[in-house]
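A.B. asks: Got a structure here, written out as structure tokens. Questions coming.
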Amino acid sequence: MRAPKDQHFLIDKHAVRRIAGLIDLKDRTVLEIGPGEGVLTRELLDRGARVNAVEIDPDLVEELEIVFEDEIAVGTLRLQCGDAIRCELPPFDVVVSNLPYSASSKITFRLLAIGFDEAILMYQAEFASRMMAPAGTPACGRLSIMVQTYCSVQRCFDLPPQAFSPKPQVRSTVVRMIPRGPLFRIADQDRYADVVRALFTHRRKTVRNCLRTSAGILSPDTAEKIIAALPDEILSSRPETLYLEDFATISNLAAE
Ligand code: SAM
């Protein structure tokens, strides 16, 4: 049976220590999304972090309030019951989370938009592979392009289903993300995000057709302006074959 709200709790203590050991936590305020039963939360606190945790399940929040009564009283742990996709998030410098898999994409986009110093995030292995797929390869998509535009991403290690209870059906991957400036000039970051979204809405279409059918994301005038300026070689290719630099080039044409 599928666990409710992606509740697969880490039971491999060594894995918990490895995750927390991937980042310098001293004097850092950590956002933990989905603390669950608090195994990672405990490790983060023991290593000197302040933790601001957001958990969607009120029953778990109630349990955590009892288990971490002292830490909450002294202010090293702040617990919030809410949906990390849409609730107002508490302040943080870094993020360390074993993410709920079904919300991974939305939460990652949200974190990118808010900004952070460093993130150690656990994803479903296949999702992590897609996120790290380089531009120009078939597995790349909107999230890969956005993440790789604004962050360096590194696979840290994989965990088998046995590291969790209940066991998920898939392997998991821990990823480190460190934001950096884009490698290519982006004239307007909102326009860049729109262009990437428009190009990956219909990934089987050519760039030309993606732009022509992007109403609702790009205005018809903007789409035609870009099409008029692009070489046929790019217009007739599929978005997944474009290099990272091409996305910047295309969005800069719309912004100028
Ligand atoms: N961190 C714990 C651990 O490693 O054992 C639990 C990880 S479990 C994979 C994901 C956790 O996220 C669960 O506690 C679940 O209730 C919570 N969760 C699911 N969707 C959420 C959401 N949208 N916002 C915040 N928490 C969520």
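Chain labels A, B, ... are given in the sequence in which chains occur in the structure tokens; within each chain residues are numbered consecutively from 1, and ligands are likewise numbered from 1 in the order shown.
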Do a neighbour search on Ala53 in chain A at 7 Å with only C-alpha atoms, toss out local chain neighbours closer than 5 positions, and write the hits as a list of chain:residue names.
C.D. replies: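 Here the answer would be A:Leu31, A:Glu32, A:Ile33, A:Pro35, A:Arg78, A:Leu79, A:Gln80.
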A.B. asks: As a quick test: using only C-alpha atoms and all ligand atoms, which residues lie no more than 8 Å away from ligand 1? Give them as JSON, numbers by chain.
C.D. replies: {"A": [4, 5, 6, 7, 8, 9, 10, 11, 16, 32, 33, 34, 35, 36, 37, 38, 39, 40, 41, 54, 55, 56, 57, 60, 81, 82, 83, 84, 85, 86, 97, 98, 99, 100, 101, 102, 103, 107, 164]}
A.B. asks: Using CA of Ala198 in chain A and CA of Ser236 in chain A as the two end points, give the distance in Å to one decimal.
C.D. replies: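 A separation of 15.4 Å between them.
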A.B. asks: At most 12 Å is the cut-off: for each residue in range 44-118 of chain A with any atom that close to an atom of range 174-196 of chain A, write down the nearest atom pair and the distance in Å rounded to one decimal, counting only C-alpha atoms, chain first then increasing number, as CSV.
C.D. replies:
```
residue,atom,partner,partner_atom,distance
A:Asp93,CA,A:Ile178,CA,11.6
A:Val94,CA,A:Ile178,CA,9.7
A:Val95,CA,A:Met177,CA,9.5
A:Val96,CA,A:Arg176,CA,9.3
A:Ser97,CA,A:Val174,CA,9.3
A:Asn98,CA,A:Val174,CA,8.3
A:Leu99,CA,A:Val174,CA,10.0
A:Thr108,CA,A:Met177,CA,10.4
A:Phe109,CA,A:Ala193,CA,10.7
A:Leu111,CA,A:Pro179,CA,10.7
A:Leu112,CA,A:Pro179,CA,8.4
A:Ala113,CA,A:Asp190,CA,10.3
A:Ile114,CA,A:Pro179,CA,11.3
A:Gly115,CA,A:Pro179,CA,7.8
A:Phe116,CA,A:Pro179,CA,7.2
A:Asp117,CA,A:Ile178,CA,6.5
A:Glu118,CA,A:Ile178,CA,4.8
```
A.B. asks: Residues of the last selection are to be written out with N, CA, C and O atoms, as a CSV table (one decimal), in the first residue's frame.
C.D. replies:
```
chain,number,residue,atom,x,y,z
A,93,ASP,N,18.9,29.7,5.7
A,93,ASP,CA,20.1,30.0,4.8
A,93,ASP,C,20.3,28.8,3.9
A,93,ASP,O,20.7,28.9,2.8
A,94,VAL,N,20.1,27.6,4.5
A,94,VAL,CA,20.4,26.3,3.8
A,94,VAL,C,19.2,25.4,3.9
A,94,VAL,O,18.3,25.6,4.8
A,95,VAL,N,19.1,24.4,3.0
A,95,VAL,CA,18.0,23.5,3.1
A,95,VAL,C,18.6,22.0,3.2
A,95,VAL,O,19.5,21.7,2.4
A,96,VAL,N,18.1,21.3,4.1
A,96,VAL,CA,18.4,19.9,4.2
A,96,VAL,C,17.1,19.1,4.4
A,96,VAL,O,16.4,19.3,5.3
A,97,SER,N,16.8,18.3,3.4
A,97,SER,CA,15.5,17.6,3.4
A,97,SER,C,15.5,16.3,2.7
A,97,SER,O,16.1,16.2,1.6
A,98,ASN,N,14.7,15.4,3.2
A,98,ASN,CA,14.4,14.2,2.5
A,98,ASN,C,13.0,14.5,2.0
A,98,ASN,O,12.0,14.4,2.7
A,99,LEU,N,12.9,14.9,0.8
A,99,LEU,CA,11.7,15.5,0.2
A,99,LEU,C,10.6,14.5,0.0
A,99,LEU,O,10.8,13.4,-0.4
A,108,THR,N,11.2,22.2,-5.4
A,108,THR,CA,12.5,22.6,-6.0
A,108,THR,C,12.4,23.9,-6.7
A,108,THR,O,13.2,24.8,-6.5
A,109,PHE,N,11.3,24.0,-7.5
A,109,PHE,CA,11.1,25.3,-8.2
A,109,PHE,C,10.9,26.4,-7.2
A,109,PHE,O,11.5,27.5,-7.4
A,111,LEU,N,12.1,26.6,-4.1
A,111,LEU,CA,13.4,26.9,-3.4
A,111,LEU,C,14.3,27.8,-4.4
A,111,LEU,O,14.9,28.7,-3.9
A,112,LEU,N,14.3,27.4,-5.7
A,112,LEU,CA,15.1,28.2,-6.6
A,112,LEU,C,14.6,29.6,-6.7
A,112,LEU,O,15.5,30.5,-6.7
A,113,ALA,N,13.3,29.8,-6.6
A,113,ALA,CA,12.8,31.2,-6.7
A,113,ALA,C,13.1,32.0,-5.5
A,113,ALA,O,13.4,33.2,-5.5
A,114,ILE,N,13.1,31.3,-4.3
A,114,ILE,CA,13.3,32.0,-3.0
A,114,ILE,C,14.8,32.3,-2.9
A,114,ILE,O,15.3,33.4,-2.5
A,115,GLY,N,15.7,31.3,-3.2
A,115,GLY,CA,17.1,31.4,-3.1
A,115,GLY,C,17.6,30.8,-1.7
A,115,GLY,O,16.9,30.7,-0.8
A,116,PHE,N,18.8,30.3,-1.7
A,116,PHE,CA,19.4,29.6,-0.6
A,116,PHE,C,20.9,29.6,-0.8
A,116,PHE,O,21.4,29.8,-1.9
A,117,ASP,N,21.7,29.3,0.3
A,117,ASP,CA,23.2,29.3,0.2
A,117,ASP,C,23.6,27.9,-0.3
A,117,ASP,O,24.6,27.8,-1.1
A,118,GLU,N,22.9,26.9,0.1
A,118,GLU,CA,23.3,25.5,-0.2
A,118,GLU,C,22.1,24.6,0.1
A,118,GLU,O,21.4,24.9,1.1
```
A.B. asks: May I have the residues within 12 Å of Thr173 in chain A as a CSV table (one decimal) with C-alpha atoms, in the first residue's frame, using only C-alpha atoms and disregarding those fewer than 2 positions away in the same chain?
C.D. replies:
```csv
chain,number,residue,atom,x,y,z
A,15,ALA,CA,22.5,7.4,6.1
A,19,ILE,CA,23.3,13.4,4.9
A,97,SER,CA,15.5,17.6,3.4
A,98,ASN,CA,14.4,14.2,2.5
A,99,LEU,CA,11.7,15.5,0.2
A,101,TYR,CA,8.6,12.7,-3.7
A,120,ILE,CA,21.2,18.9,0.4
A,121,LEU,CA,18.1,17.2,-0.9
A,122,MET,CA,16.9,13.7,-1.3
A,123,TYR,CA,14.9,12.8,-4.3
A,124,GLN,CA,13.6,9.7,-6.0
A,125,ALA,CA,16.7,8.4,-8.0
A,126,GLU,CA,15.0,8.7,-11.4
A,127,PHE,CA,13.8,12.2,-10.7
A,128,ALA,CA,17.3,13.2,-9.6
A,129,SER,CA,18.8,11.8,-12.8
A,130,ARG,CA,16.4,13.8,-14.9
A,131,MET,CA,17.1,16.9,-12.9
A,132,MET,CA,20.8,16.5,-13.5
A,154,GLN,CA,26.2,17.2,-7.6
A,155,ARG,CA,25.0,13.6,-7.0
A,156,CYS,CA,26.2,12.7,-3.5
A,157,PHE,CA,25.1,9.1,-3.0
A,158,ASP,CA,22.2,6.7,-3.5
A,159,LEU,CA,20.1,4.9,-0.9
A,160,PRO,CA,18.2,1.6,-1.4
A,161,PRO,CA,14.6,1.2,-0.4
A,163,ALA,CA,17.0,2.5,4.2
A,170,VAL,CA,12.3,3.1,-5.8
A,171,ARG,CA,15.9,4.0,-5.0
A,175,VAL,CA,21.9,15.7,-4.2
A,176,ARG,CA,23.9,18.9,-3.3
```
A.B. asks: Please identify which residues in range 14-255 of chain A DSSP calls helix (DSSP H, G or I) from the backbone, and express them as a ChimeraX atom specification.
C.D. replies: /A:14-20,39-46,58-67,69-74,101-114,125-132,142-150,161-163,189-201,207-212,220-229,232-235,239-241,244-255
A.B. asks: Kindly export the residues of the current selection with C-alpha atoms, as a JSON list (two decimals), in the first residue's frame.
C.D. replies:
```json
[["chain", "number", "residue", "atom", "x", "y", "z"],
["A", 14, "HIS", "CA", 24.39, 5.80, 9.01],
["A", 15, "ALA", "CA", 22.55, 7.41, 6.09],
["A", 16, "VAL", "CA", 21.15, 10.10, 8.41],
["A", 17, "ARG", "CA", 24.68, 10.94, 9.60],
["A", 18, "ARG", "CA", 26.00, 10.94, 6.03],
["A", 19, "ILE", "CA", 23.30, 13.40, 4.90],
["A", 20, "ALA", "CA", 23.85, 15.80, 7.79],
["A", 39, "VAL", "CA", 15.36, 11.51, 12.73],
["A", 40, "LEU", "CA", 17.17, 13.98, 10.45],
["A", 41, "THR", "CA", 15.98, 16.93, 12.55],
["A", 42, "ARG", "CA", 17.68, 15.42, 15.62],
["A", 43, "GLU", "CA", 20.96, 14.94, 13.75],
["A", 44, "LEU", "CA", 20.89, 18.51, 12.40],
["A", 45, "LEU", "CA", 20.25, 19.94, 15.88],
["A", 46, "ASP", "CA", 22.98, 17.77, 17.43],
["A", 58, "PRO", "CA", -0.65, 17.66, 11.91],
["A", 59, "ASP", "CA", -0.34, 14.32, 13.76],
["A", 60, "LEU", "CA", 3.39, 14.26, 13.13],
["A", 61, "VAL", "CA", 3.70, 17.89, 14.18],
["A", 62, "GLU", "CA", 1.97, 17.04, 17.44],
["A", 63, "GLU", "CA", 4.39, 14.16, 18.06],
["A", 64, "LEU", "CA", 7.39, 16.29, 17.18],
["A", 65, "GLU", "CA", 6.24, 19.00, 19.60],
["A", 66, "ILE", "CA", 6.46, 16.45, 22.41],
["A", 67, "VAL", "CA", 9.75, 14.86, 21.34],
["A", 69, "GLU", "CA", 9.88, 20.13, 23.62],
["A", 70, "ASP", "CA", 13.27, 21.36, 24.95],
["A", 71, "GLU", "CA", 14.64, 22.45, 21.57],
["A", 72, "ILE", "CA", 11.42, 24.33, 20.81],
["A", 73, "ALA", "CA", 11.53, 25.99, 24.23],
["A", 74, "VAL", "CA", 15.10, 27.30, 23.71],
["A", 101, "TYR", "CA", 8.61, 12.66, -3.70],
["A", 102, "SER", "CA", 5.31, 13.72, -5.20],
["A", 103, "ALA", "CA", 6.01, 17.36, -4.32],
["A", 104, "SER", "CA", 9.71, 17.36, -5.31],
["A", 105, "SER", "CA", 9.33, 19.32, -8.50],
["A", 106, "LYS", "CA", 7.13, 22.10, -7.10],
["A", 107, "ILE", "CA", 9.24, 22.43, -3.96],
["A", 108, "THR", "CA", 12.48, 22.60, -5.95],
["A", 109, "PHE", "CA", 11.12, 25.32, -8.25],
["A", 110, "ARG", "CA", 9.97, 27.20, -5.16],
["A", 111, "LEU", "CA", 13.35, 26.95, -3.45],
["A", 112, "LEU", "CA", 15.09, 28.17, -6.62],
["A", 113, "ALA", "CA", 12.79, 31.19, -6.72],
["A", 114, "ILE", "CA", 13.35, 32.04, -3.04],
["A", 125, "ALA", "CA", 16.66, 8.44, -7.98],
["A", 126, "GLU", "CA", 15.04, 8.70, -11.40],
["A", 127, "PHE", "CA", 13.83, 12.23, -10.68],
["A", 128, "ALA", "CA", 17.35, 13.24, -9.57],
["A", 129, "SER", "CA", 18.82, 11.80, -12.77],
["A", 130, "ARG", "CA", 16.39, 13.78, -14.89],
["A", 131, "MET", "CA", 17.13, 16.93, -12.91],
["A", 132, "MET", "CA", 20.85, 16.47, -13.54],
["A", 142, "ARG", "CA", 12.27, 22.37, -17.65],
["A", 143, "LEU", "CA", 13.50, 21.57, -14.14],
["A", 144, "SER", "CA", 16.95, 20.42, -15.36],
["A", 145, "ILE", "CA", 17.40, 23.59, -17.37],
["A", 146, "MET", "CA", 16.28, 25.90, -14.54],
["A", 147, "VAL", "CA", 18.33, 24.10, -11.87],
["A", 148, "GLN", "CA", 21.46, 23.95, -14.03],
["A", 149, "THR", "CA", 21.10, 27.58, -15.06],
["A", 150, "TYR", "CA", 21.23, 28.81, -11.49],
["A", 161, "PRO", "CA", 14.56, 1.16, -0.38],
["A", 162, "GLN", "CA", 15.72, -0.74, 2.74],
["A", 163, "ALA", "CA", 16.99, 2.54, 4.23],
["A", 189, "GLN", "CA", 15.24, 36.25, -15.62],
["A", 190, "ASP", "CA", 11.42, 36.17, -15.66],
["A", 191, "ARG", "CA", 11.43, 36.13, -19.44],
["A", 192, "TYR", "CA", 14.04, 33.35, -19.35],
["A", 193, "ALA", "CA", 11.79, 31.26, -17.08],
["A", 194, "ASP", "CA", 8.85, 31.86, -19.45],
["A", 195, "VAL", "CA", 10.83, 30.84, -22.51],
["A", 196, "VAL", "CA", 12.06, 27.63, -20.87],
["A", 197, "ARG", "CA", 8.50, 26.85, -19.78],
["A", 198, "ALA", "CA", 7.13, 27.53, -23.28],
["A", 199, "LEU", "CA", 9.76, 25.34, -24.92],
["A", 200, "PHE", "CA", 9.12, 22.37, -22.64],
["A", 201, "THR", "CA", 5.32, 22.51, -22.69],
["A", 207, "VAL", "CA", 11.30, 25.14, -31.24],
["A", 208, "ARG", "CA", 9.33, 27.03, -33.89],
["A", 209, "ASN", "CA", 6.09, 25.21, -33.05],
["A", 210, "CYS", "CA", 6.64, 25.44, -29.31],
["A", 211, "LEU", "CA", 6.99, 29.21, -29.65],
["A", 212, "ARG", "CA", 3.94, 29.48, -31.95],
["A", 220, "PRO", "CA", 2.15, 36.08, -30.07],
["A", 221, "ASP", "CA", 4.19, 39.23, -30.82],
["A", 222, "THR", "CA", 7.04, 38.09, -28.59],
["A", 223, "ALA", "CA", 6.96, 34.59, -30.09],
["A", 224, "GLU", "CA", 7.08, 35.97, -33.65],
["A", 225, "LYS", "CA", 9.89, 38.38, -32.72],
["A", 226, "ILE", "CA", 11.99, 35.47, -31.47],
["A", 227, "ILE", "CA", 11.18, 33.31, -34.51],
["A", 228, "ALA", "CA", 12.16, 36.09, -36.90],
["A", 229, "ALA", "CA", 15.56, 36.43, -35.23],
["A", 232, "ASP", "CA", 16.43, 27.82, -38.98],
["A", 233, "GLU", "CA", 18.86, 25.33, -37.44],
["A", 234, "ILE", "CA", 17.53, 26.19, -33.97],
["A", 235, "LEU", "CA", 13.91, 26.70, -35.04],
["A", 239, "PRO", "CA", 14.04, 21.83, -27.17],
["A", 240, "GLU", "CA", 15.75, 18.83, -25.56],
["A", 241, "THR", "CA", 18.56, 19.09, -28.12],
["A", 244, "LEU", "CA", 22.09, 25.72, -22.11],
["A", 245, "GLU", "CA", 23.44, 28.78, -23.93],
["A", 246, "ASP", "CA", 20.67, 28.50, -26.55],
["A", 247, "PHE", "CA", 17.95, 29.07, -23.94],
["A", 248, "ALA", "CA", 19.71, 32.29, -22.90],
["A", 249, "THR", "CA", 20.08, 33.37, -26.53],
["A", 250, "ILE", "CA", 16.38, 32.75, -27.23],
["A", 251, "SER", "CA", 15.14, 34.56, -24.14],
["A", 252, "ASN", "CA", 17.49, 37.50, -24.72],
["A", 253, "LEU", "CA", 15.96, 37.94, -28.17],
["A", 254, "ALA", "CA", 12.57, 38.34, -26.47],
["A", 255, "ALA", "CA", 13.87, 40.77, -23.89]]
```
A.B. asks: Suppose you want the space between CA of Val51 in chain A and CA of Asp12 in chain A; what is it in Å?
C.D. replies: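 One can read the CA of Val51 in chain A to CA of Asp12 in chain A distance as 20.9 Å.
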A.B. asks: For the atom pair CA of Arg204 in chain A and CA of Cys151 in chain A, what is the interatomic distance in Å to one decimal place?
C.D. replies: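 Straight-line distance from CA of Arg204 in chain A to CA of Cys151 in chain A works out to 26.3 Å.
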A.B. asks: Between A:Cys140, A:Val30, A:Leu230, A:Leu22, single out the one closest to Leu89 in chain A, counting only C-alpha atoms.
C.D. replies: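 Ranked by minimum distance to Leu89 in chain A, first place goes to A:Val30.
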A.B. asks: Using DSSP on the backbone, list every residue of range 55-236 of chain A that comes out as strand (DSSP E or B), and give them as a PyMOL selection string.
C.D. replies: chain A and resi 55+77-81+94-98+118-124+151-159+164-165+172-179
A.B. asks: Looking at only C-alpha atoms, which of A:Ser165, A:Thr76, A:Asn52, A:Pro134 is the one that sits closest to Pro90 in chain A?
C.D. replies: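 Of A:Ser165, A:Thr76, A:Asn52, A:Pro134, the one nearest Pro90 in chain A is A:Asn52, counting only C-alpha atoms.
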